[in-house]
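Text of query.txt, listed as compact mmCIF, C-alpha atoms:
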# COMPACT_ATOMS: atom_id res chain seq x y z
CA ASN A 1 96.06 331.05 211.39
CA ALA A 2 99.69 331.81 210.67
CA GLY A 3 99.67 329.42 207.70
CA VAL A 4 103.14 328.22 206.80
CA THR A 5 106.09 329.80 208.59
CA GLN A 6 109.79 329.34 208.00
CA THR A 7 112.82 330.09 210.13
CA PRO A 8 115.27 331.61 209.64
CA LYS A 9 114.55 334.19 206.93
CA PHE A 10 118.20 334.65 206.01
CA ARG A 11 121.36 332.71 206.68
CA VAL A 12 124.96 332.83 205.52
CA LEU A 13 127.05 329.68 205.88
CA LYS A 14 130.60 328.81 205.11
CA THR A 15 131.36 325.78 203.00
CA GLY A 16 131.22 322.66 205.14
CA GLN A 17 129.01 324.08 207.86
CA SER A 18 125.68 322.51 208.71
CA MET A 19 122.28 323.96 209.47
CA THR A 20 118.60 323.13 209.78
CA LEU A 21 115.71 325.03 208.27
CA LEU A 22 112.44 324.77 210.13
CA CYS A 23 109.00 324.79 208.54
CA ALA A 24 105.81 324.87 210.57
CA GLN A 25 102.17 324.82 209.48
CA ASP A 26 99.05 325.22 211.57
CA MET A 27 96.49 324.01 209.01
CA ASN A 28 96.64 320.34 209.98
CA HIS A 29 97.90 319.45 206.50
CA GLU A 30 99.14 315.95 205.87
CA TYR A 31 101.55 316.75 203.06
CA MET A 32 104.61 318.96 203.30
CA TYR A 33 107.27 319.86 200.76
CA TRP A 34 110.65 321.53 200.51
CA TYR A 35 111.56 323.37 197.30
CA ARG A 36 114.52 325.40 196.19
CA GLN A 37 114.21 328.31 193.83
CA ASP A 38 117.10 329.46 191.65
CA PRO A 39 117.10 332.21 189.01
CA GLY A 40 115.74 330.97 185.70
CA MET A 41 114.98 327.47 187.01
CA GLY A 42 111.64 327.76 188.75
CA LEU A 43 110.88 325.74 191.84
CA ARG A 44 112.42 322.30 192.24
CA LEU A 45 111.25 319.74 194.75
CA ILE A 46 113.91 318.58 197.21
CA HIS A 47 112.03 316.27 199.57
CA TYR A 48 108.46 315.81 200.63
CA SER A 49 106.45 314.09 203.32
CA VAL A 50 103.08 312.39 203.09
CA GLY A 51 102.54 312.29 206.84
CA GLU A 52 104.14 312.32 210.25
CA GLY A 53 107.15 310.05 210.36
CA THR A 54 107.44 309.64 206.58
CA THR A 55 109.69 311.35 204.05
CA ALA A 56 110.54 310.82 200.39
CA LYS A 57 112.98 312.16 197.81
CA GLY A 58 112.00 314.72 195.27
CA GLU A 59 113.75 315.95 192.15
CA VAL A 60 116.97 317.28 193.72
CA PRO A 61 117.53 315.53 197.08
CA ASP A 62 121.31 315.20 197.11
CA GLY A 63 123.04 317.06 199.95
CA TYR A 64 119.83 317.44 201.98
CA ASN A 65 118.07 315.45 204.66
CA VAL A 66 114.63 315.93 206.15
CA SER A 67 112.61 314.84 209.14
CA ARG A 68 108.91 314.96 210.01
CA LEU A 69 108.72 314.02 213.66
CA LYS A 70 105.58 316.05 214.23
CA LYS A 71 102.75 316.58 211.77
CA GLN A 72 103.06 320.34 211.90
CA ASN A 73 106.83 320.55 211.41
CA PHE A 74 109.09 319.63 208.49
CA LEU A 75 112.83 320.14 208.92
CA LEU A 76 115.38 320.48 206.11
CA GLY A 77 119.00 319.79 207.01
CA LEU A 78 122.23 320.54 205.22
CA GLU A 79 124.99 318.40 206.72
CA SER A 80 127.90 319.97 204.83
CA ALA A 81 126.90 323.08 202.94
CA ALA A 82 128.28 323.74 199.46
CA PRO A 83 128.16 326.94 197.34
CA SER A 84 125.81 325.11 194.93
CA GLN A 85 123.24 325.11 197.72
CA THR A 86 123.01 328.89 197.67
CA SER A 87 119.34 329.40 196.91
CA VAL A 88 115.97 330.48 198.24
CA TYR A 89 114.21 327.64 200.03
CA PHE A 90 110.45 327.38 200.23
CA CYS A 91 108.37 325.08 202.34
CA ALA A 92 104.82 324.21 201.34
CA SER A 93 101.97 322.12 202.62
CA SER A 94 98.75 320.69 201.24
CA TYR A 95 95.75 318.94 202.69
CA ARG A 96 96.17 315.79 200.64
CA ALA A 97 98.31 314.46 197.84
CA SER A 98 95.70 315.17 195.20
CA SER A 99 95.50 318.80 196.18
CA TYR A 100 97.23 321.05 193.70
CA GLU A 101 96.74 324.00 195.98
CA GLN A 102 99.90 324.08 197.97
CA TYR A 103 100.37 326.74 200.64
CA PHE A 104 103.85 328.22 200.66
CA GLY A 105 105.90 329.84 203.36
CA PRO A 106 107.75 333.15 202.85
CA GLY A 107 111.07 331.50 202.07
CA THR A 108 114.60 331.39 203.45
CA ARG A 109 117.51 332.91 201.57
CA LEU A 110 120.63 330.84 202.12
CA THR A 111 124.05 331.92 200.95
CA VAL A 112 126.99 329.52 201.15
CA THR A 113 130.40 331.13 200.75
CA GLY B 114 110.23 337.12 202.70
CA GLU B 115 112.40 336.41 199.71
CA SER B 116 112.50 337.80 196.22
CA VAL B 117 112.64 335.91 192.96
CA GLY B 118 115.52 336.22 190.55
CA LEU B 119 115.01 338.73 187.79
CA HIS B 120 116.29 336.61 184.89
CA LEU B 121 112.75 336.08 183.65
CA PRO B 122 110.68 336.84 180.56
CA THR B 123 108.73 340.01 181.27
CA LEU B 124 105.27 341.10 180.18
CA SER B 125 104.57 344.79 180.61
CA VAL B 126 100.94 345.96 180.45
CA GLN B 127 98.99 349.10 181.19
CA GLU B 128 96.64 349.16 184.14
CA GLY B 129 93.16 348.21 182.98
CA ASP B 130 94.33 346.20 179.98
CA ASN B 131 93.99 342.45 179.74
CA SER B 132 97.09 340.32 180.26
CA ILE B 133 97.92 336.99 178.68
CA ILE B 134 100.71 334.91 180.15
CA ASN B 135 101.80 331.85 178.21
CA CYS B 136 103.39 328.59 179.18
CA ALA B 137 104.54 325.54 177.24
CA TYR B 138 104.58 322.17 178.92
CA SER B 139 106.33 318.98 177.99
CA ASN B 140 104.52 316.00 179.46
CA SER B 141 101.41 314.82 177.63
CA ALA B 142 100.58 312.58 180.60
CA SER B 143 100.14 315.44 183.06
CA ASP B 144 96.60 315.39 184.41
CA TYR B 145 96.37 318.84 185.94
CA PHE B 146 97.86 322.20 185.15
CA ILE B 147 98.11 324.94 187.73
CA TRP B 148 98.97 328.62 187.86
CA TYR B 149 100.74 330.19 190.83
CA LYS B 150 101.45 333.86 191.53
CA GLN B 151 104.52 335.00 193.43
CA GLU B 152 104.71 338.57 194.66
CA SER B 153 108.05 340.07 195.52
CA GLY B 154 109.32 338.81 198.85
CA LYS B 155 106.62 336.18 199.25
CA GLY B 156 106.06 332.53 198.56
CA PRO B 157 103.98 331.37 195.57
CA GLN B 158 100.20 331.53 195.89
CA PHE B 159 97.72 329.25 194.11
CA ILE B 160 95.55 331.00 191.51
CA ILE B 161 93.66 328.42 189.48
CA ASP B 162 93.97 324.92 188.08
CA ILE B 163 92.58 323.08 185.09
CA ARG B 164 92.13 319.40 184.49
CA SER B 165 93.66 317.97 181.34
CA ASN B 166 90.25 317.00 179.90
CA MET B 167 89.12 320.63 179.91
CA ASP B 168 89.95 323.44 177.47
CA LYS B 169 88.97 326.42 179.56
CA ARG B 170 88.28 327.33 183.14
CA GLN B 171 87.29 330.68 184.57
CA GLY B 172 87.88 332.17 187.97
CA GLN B 173 87.53 335.61 189.36
CA ARG B 174 89.10 337.91 186.73
CA VAL B 175 91.25 335.03 185.50
CA THR B 176 90.78 332.47 182.74
CA VAL B 177 93.04 329.54 181.99
CA LEU B 178 93.13 328.02 178.52
CA LEU B 179 94.62 324.65 177.71
CA ASN B 180 95.60 323.58 174.21
CA LYS B 181 96.73 319.97 174.39
CA THR B 182 97.45 319.76 170.68
CA VAL B 183 100.39 322.15 170.98
CA LYS B 184 101.00 321.60 174.73
CA HIS B 185 100.26 325.19 175.55
CA LEU B 186 98.71 326.78 178.62
CA SER B 187 97.76 330.41 179.07
CA LEU B 188 96.52 332.59 181.89
CA GLN B 189 94.36 335.56 181.02
CA ILE B 190 93.89 338.33 183.57
CA ALA B 191 91.08 340.77 182.89
CA ALA B 192 91.41 344.47 183.74
CA THR B 193 94.92 344.11 185.09
CA GLN B 194 95.57 345.98 188.32
CA PRO B 195 98.81 347.10 190.00
CA GLY B 196 98.30 344.36 192.58
CA ASP B 197 98.65 341.81 189.79
CA SER B 198 102.32 342.68 189.38
CA ALA B 199 104.16 339.48 190.24
CA VAL B 200 105.91 336.46 188.79
CA TYR B 201 103.49 333.88 187.42
CA PHE B 202 104.40 330.21 187.29
CA CYS B 203 102.65 327.45 185.48
CA ALA B 204 102.98 323.97 186.91
CA GLU B 205 102.03 320.54 185.68
CA ASN B 206 101.05 317.69 187.92
CA LYS B 207 102.74 314.34 187.52
CA ASN B 208 101.66 311.18 189.26
CA TYR B 209 104.53 309.00 190.43
CA GLY B 210 102.39 306.06 191.41
CA GLY B 211 99.92 305.58 194.21
CA ALA B 212 98.45 308.71 195.71
CA THR B 213 101.57 310.81 195.37
CA ASN B 214 101.46 313.71 192.97
CA LYS B 215 104.22 316.19 192.38
CA LEU B 216 104.20 319.58 190.77
CA ILE B 217 106.74 320.46 188.09
CA PHE B 218 107.08 324.23 187.90
CA GLY B 219 107.96 326.33 184.88
CA THR B 220 110.54 329.10 185.06
CA GLY B 221 108.03 331.93 185.44
CA THR B 222 106.99 335.17 183.74
CA LEU B 223 107.26 338.57 185.36
CA LEU B 224 104.11 340.67 184.89
CA ALA B 225 104.77 344.38 185.29
CA VAL B 226 101.67 346.58 185.45
CA GLN B 227 102.24 350.20 184.46
CA PRO B 228 99.92 352.80 186.06

Show the structure stored in the file as structure tokens.
Amino acid sequence: NAGVTQTPKFRVLKTGQSMTLLCAQDMNHEYMYWYRQDPGMGLRLIHYSVGEGTTAKGEVPDGYNVSRLKKQNFLLGLESAAPSQTSVYFCASSYRASSYEQYFGPGTRLTVT
Amino acid sequence: GESVGLHLPTLSVQEGDNSIINCAYSNSASDYFIWYKQESGKGPQFIIDIRSNMDKRQGQRVTVLLNKTVKHLSLQIAATQPGDSAVYFCAENKNYGGATNKLIFGTGTLLAVQP
């Protein structure tokens, strides 16, 4: 199993540009999550999904949208990137909501200039 | 993979010594506490969890202690090895209603193992 994969690994955007980060998992997990990680702030939940076709807001959802059209994929979109969105983005998945063992991808470093 | 920022508290230990990483939490209502390990350039990896009605739980070379009186959580690593060098995050689980739980992560501690 590949586990959780993320594409791309790195990206540089200019303010106002848009992009989509792709997360894929091959573990048949129901739950998927998008986090951002900034220095000194730990991981913060952006959006999450409890199953195919469903999404919900996390702690810091503003400026991001998500979609879960297929169970194995969870997409994170930035419609109009801002420098404040410069961060490392991690996707994670878990078998069920009560599982505290989340499996994380390797991350995407996004820089917005 | 991606690296973690370096603006973190650091614990430096000698190889073979025991390590103790501490964490303070804020929410008395959290029902689970979890430790994650993040190696440089990788995503976090689950280590161990403890339910809020327990004081201690042991895993392989790791022990987690929970002191609810002072809202303190610690991770003890026995016979620390170079492969243990990483950033360690504590997380608390919050239930937002129904079956949905969310993890609230701490800011992390960098463990540096000296050979």

Chain A residues near chain B (10 Å cut-off, all atoms listed in the file) as a PyMOL selection string: chain A and resi 4+6+9-10+31+33+37-45+48-50+58-59+88-92+96-109

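Between CA of His47 in chain A and CA of Asp62 in chain A the separation is 9.7 Å.
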
Show me, as a compact mmCIF listing (two decimals) with C-alpha atoms, in the coordinates of the input, the residues that have an atom within 12 Å of Arg68 in chain A when counting only C-alpha atoms, minus same-chain residues fewer than 2 positions from it.
# COMPACT_ATOMS: atom_id res chain seq x y z
CA LEU A 22 112.44 324.77 210.13
CA CYS A 23 109.00 324.79 208.54
CA ALA A 24 105.81 324.87 210.57
CA GLN A 25 102.17 324.82 209.48
CA GLU A 30 99.14 315.95 205.87
CA TYR A 31 101.55 316.75 203.06
CA MET A 32 104.61 318.96 203.30
CA TYR A 33 107.27 319.86 200.76
CA TRP A 34 110.65 321.53 200.51
CA HIS A 47 112.03 316.27 199.57
CA TYR A 48 108.46 315.81 200.63
CA SER A 49 106.45 314.09 203.32
CA VAL A 50 103.08 312.39 203.09
CA GLY A 51 102.54 312.29 206.84
CA GLU A 52 104.14 312.32 210.25
CA GLY A 53 107.15 310.05 210.36
CA THR A 54 107.44 309.64 206.58
CA THR A 55 109.69 311.35 204.05
CA ALA A 56 110.54 310.82 200.39
CA ASN A 65 118.07 315.45 204.66
CA VAL A 66 114.63 315.93 206.15
CA LYS A 70 105.58 316.05 214.23
CA LYS A 71 102.75 316.58 211.77
CA GLN A 72 103.06 320.34 211.90
CA ASN A 73 106.83 320.55 211.41
CA PHE A 74 109.09 319.63 208.49
CA LEU A 75 112.83 320.14 208.92
CA LEU A 76 115.38 320.48 206.11
CA GLY A 77 119.00 319.79 207.01

For Thr193 in chain B: contacts at 6 Å, all atoms listed in the file, fewer than 5 positions along chain excluded, given as a list in words: Glu128, Gly129, Asp130 and Asn131 of chain B

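A straight line drawn from CA of Arg170 in chain B to CA of Ala137 in chain B is 17.4 Å long.
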
Distance query Ile190 in chain B at most 9 Å, all atoms listed in the file, self and fewer than 4 positions along chain excluded, as a PyMOL selection string: chain B and resi 130-134+174-177+197

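Note that the spacing between CA of Thr15 in chain A and CA of Thr113 in chain A amounts to 5.9 Å.
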
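Among the candidate residues A:Ala82, A:Leu21, A:Ile46, A:Val12, the one lying nearest to Leu110 in chain A is A:Val12, with distances computed using only C-alpha atoms.
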
Any chance you could work out the axis-aligned box around range 141-149 of chain B, listed atoms only, 8 Å on each side, giving centre and edge lengths in Å to one decimal, as JSON?
{"center_x": 98.9, "center_y": 321.4, "center_z": 184.2, "size_x": 21.0, "size_y": 33.6, "size_z": 29.2}

Just need chain A in a file, please: C-alpha atoms, as a short mmCIF file (atom, residue, chain, number, x, y, z; two decimals), in the first residue's frame.
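Output file out_19.cif is given in full below:
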data_model
loop_
_atom_site.label_atom_id
_atom_site.label_comp_id
_atom_site.auth_asym_id
_atom_site.auth_seq_id
_atom_site.Cartn_x
_atom_site.Cartn_y
_atom_site.Cartn_z
CA ASN A 1 0.00 0.00 0.00
CA ALA A 2 1.16 3.51 -0.78
CA GLY A 3 -0.77 4.87 2.21
CA VAL A 4 -1.53 8.56 1.87
CA THR A 5 0.01 10.43 -1.05
CA GLN A 6 -0.06 14.13 -1.85
CA THR A 7 0.62 16.05 -5.02
CA PRO A 8 2.39 18.30 -5.65
CA LYS A 9 5.27 18.27 -3.15
CA PHE A 10 6.17 21.92 -3.72
CA ARG A 11 4.41 24.85 -5.32
CA VAL A 12 5.00 28.57 -5.62
CA LEU A 13 2.01 30.78 -6.39
CA LYS A 14 1.56 34.46 -6.93
CA THR A 15 -1.06 36.31 -4.95
CA GLY A 16 -4.46 35.82 -6.53
CA GLN A 17 -3.64 32.61 -8.37
CA SER A 18 -5.58 29.43 -7.74
CA MET A 19 -4.54 25.83 -7.31
CA THR A 20 -5.72 22.43 -6.13
CA LEU A 21 -3.86 20.06 -3.86
CA LEU A 22 -4.65 16.40 -4.31
CA CYS A 23 -4.69 13.80 -1.56
CA ALA A 24 -5.17 10.11 -2.25
CA GLN A 25 -5.36 7.15 0.13
CA ASP A 26 -5.52 3.45 -0.67
CA MET A 27 -6.55 2.18 2.77
CA ASN A 28 -10.30 2.45 2.21
CA HIS A 29 -10.56 4.98 5.03
CA GLU A 30 -13.83 6.81 5.52
CA TYR A 31 -12.42 9.94 7.12
CA MET A 32 -10.03 12.39 5.52
CA TYR A 33 -8.55 15.64 6.77
CA TRP A 34 -6.58 18.64 5.56
CA TYR A 35 -4.23 20.41 7.98
CA ARG A 36 -1.82 23.27 7.68
CA GLN A 37 1.37 23.45 9.66
CA ASP A 38 3.06 26.75 10.47
CA PRO A 39 6.15 27.35 12.61
CA GLY A 40 5.30 27.45 16.29
CA MET A 41 1.60 26.73 15.74
CA GLY A 42 1.36 22.99 15.36
CA LEU A 43 -1.15 21.43 13.01
CA ARG A 44 -4.47 23.16 12.43
CA LEU A 45 -7.47 21.50 10.82
CA ILE A 46 -8.74 23.23 7.68
CA HIS A 47 -11.52 20.94 6.46
CA TYR A 48 -12.43 17.33 6.87
CA SER A 49 -14.69 14.72 5.33
CA VAL A 50 -16.60 11.91 6.98
CA GLY A 51 -17.29 10.08 3.74
CA GLU A 52 -17.63 10.32 0.00
CA GLY A 53 -19.63 13.36 -1.00
CA THR A 54 -19.46 15.04 2.42
CA THR A 55 -17.22 17.81 3.73
CA ALA A 56 -17.14 19.98 6.84
CA LYS A 57 -15.24 22.99 8.16
CA GLY A 58 -12.43 22.67 10.60
CA GLU A 59 -10.61 25.25 12.68
CA VAL A 60 -9.26 27.49 9.89
CA PRO A 61 -11.44 27.01 6.77
CA ASP A 62 -11.46 30.54 5.36
CA GLY A 63 -9.89 30.87 1.90
CA TYR A 64 -10.08 27.13 1.19
CA ASN A 65 -12.58 24.79 -0.41
CA VAL A 66 -12.61 21.01 -0.53
CA SER A 67 -14.28 18.21 -2.42
CA ARG A 68 -14.60 14.47 -1.85
CA LEU A 69 -16.08 13.10 -5.05
CA LYS A 70 -14.42 9.72 -4.60
CA LYS A 71 -13.77 7.93 -1.33
CA GLN A 72 -10.05 7.68 -1.97
CA ASN A 73 -9.47 11.32 -2.95
CA PHE A 74 -9.76 14.57 -1.01
CA LEU A 75 -9.01 17.81 -2.86
CA LEU A 76 -8.06 21.12 -1.26
CA GLY A 77 -8.56 24.23 -3.37
CA LEU A 78 -7.30 27.76 -3.02
CA GLU A 79 -9.40 30.05 -5.21
CA SER A 80 -7.34 33.21 -4.72
CA ALA A 81 -4.08 32.57 -2.93
CA ALA A 82 -2.80 35.01 -0.31
CA PRO A 83 0.65 35.25 1.34
CA SER A 84 -0.99 34.19 4.64
CA GLN A 85 -1.61 30.80 3.03
CA THR A 86 2.10 30.12 2.77
CA SER A 87 2.42 26.93 4.78
CA VAL A 88 3.01 23.20 4.71
CA TYR A 89 -0.20 21.31 4.02
CA PHE A 90 -0.80 17.79 5.27
CA CYS A 91 -3.54 15.41 4.35
CA ALA A 92 -4.55 12.60 6.69
CA SER A 93 -7.03 9.78 6.80
CA SER A 94 -8.50 7.50 9.44
CA TYR A 95 -10.69 4.43 9.40
CA ARG A 96 -13.46 5.98 11.46
CA ALA A 97 -14.18 9.13 13.39
CA SER A 98 -13.32 7.58 16.72
CA SER A 99 -9.90 6.57 15.51
CA TYR A 100 -7.17 8.77 16.90
CA GLU A 101 -4.64 7.11 14.68
CA GLN A 102 -4.59 9.29 11.65
CA TYR A 103 -2.32 8.42 8.74
CA PHE A 104 -0.57 11.44 7.26
CA GLY A 105 0.80 12.14 3.83
CA PRO A 106 4.29 13.59 3.26
CA GLY A 107 3.05 17.17 2.91
CA THR A 108 3.03 19.94 0.32
CA ARG A 109 5.04 23.11 0.81
CA LEU A 110 3.18 26.05 -0.65
CA THR A 111 4.69 29.50 -0.97
CA VAL A 112 2.54 32.46 -2.00
CA THR A 113 4.46 35.54 -3.08
#
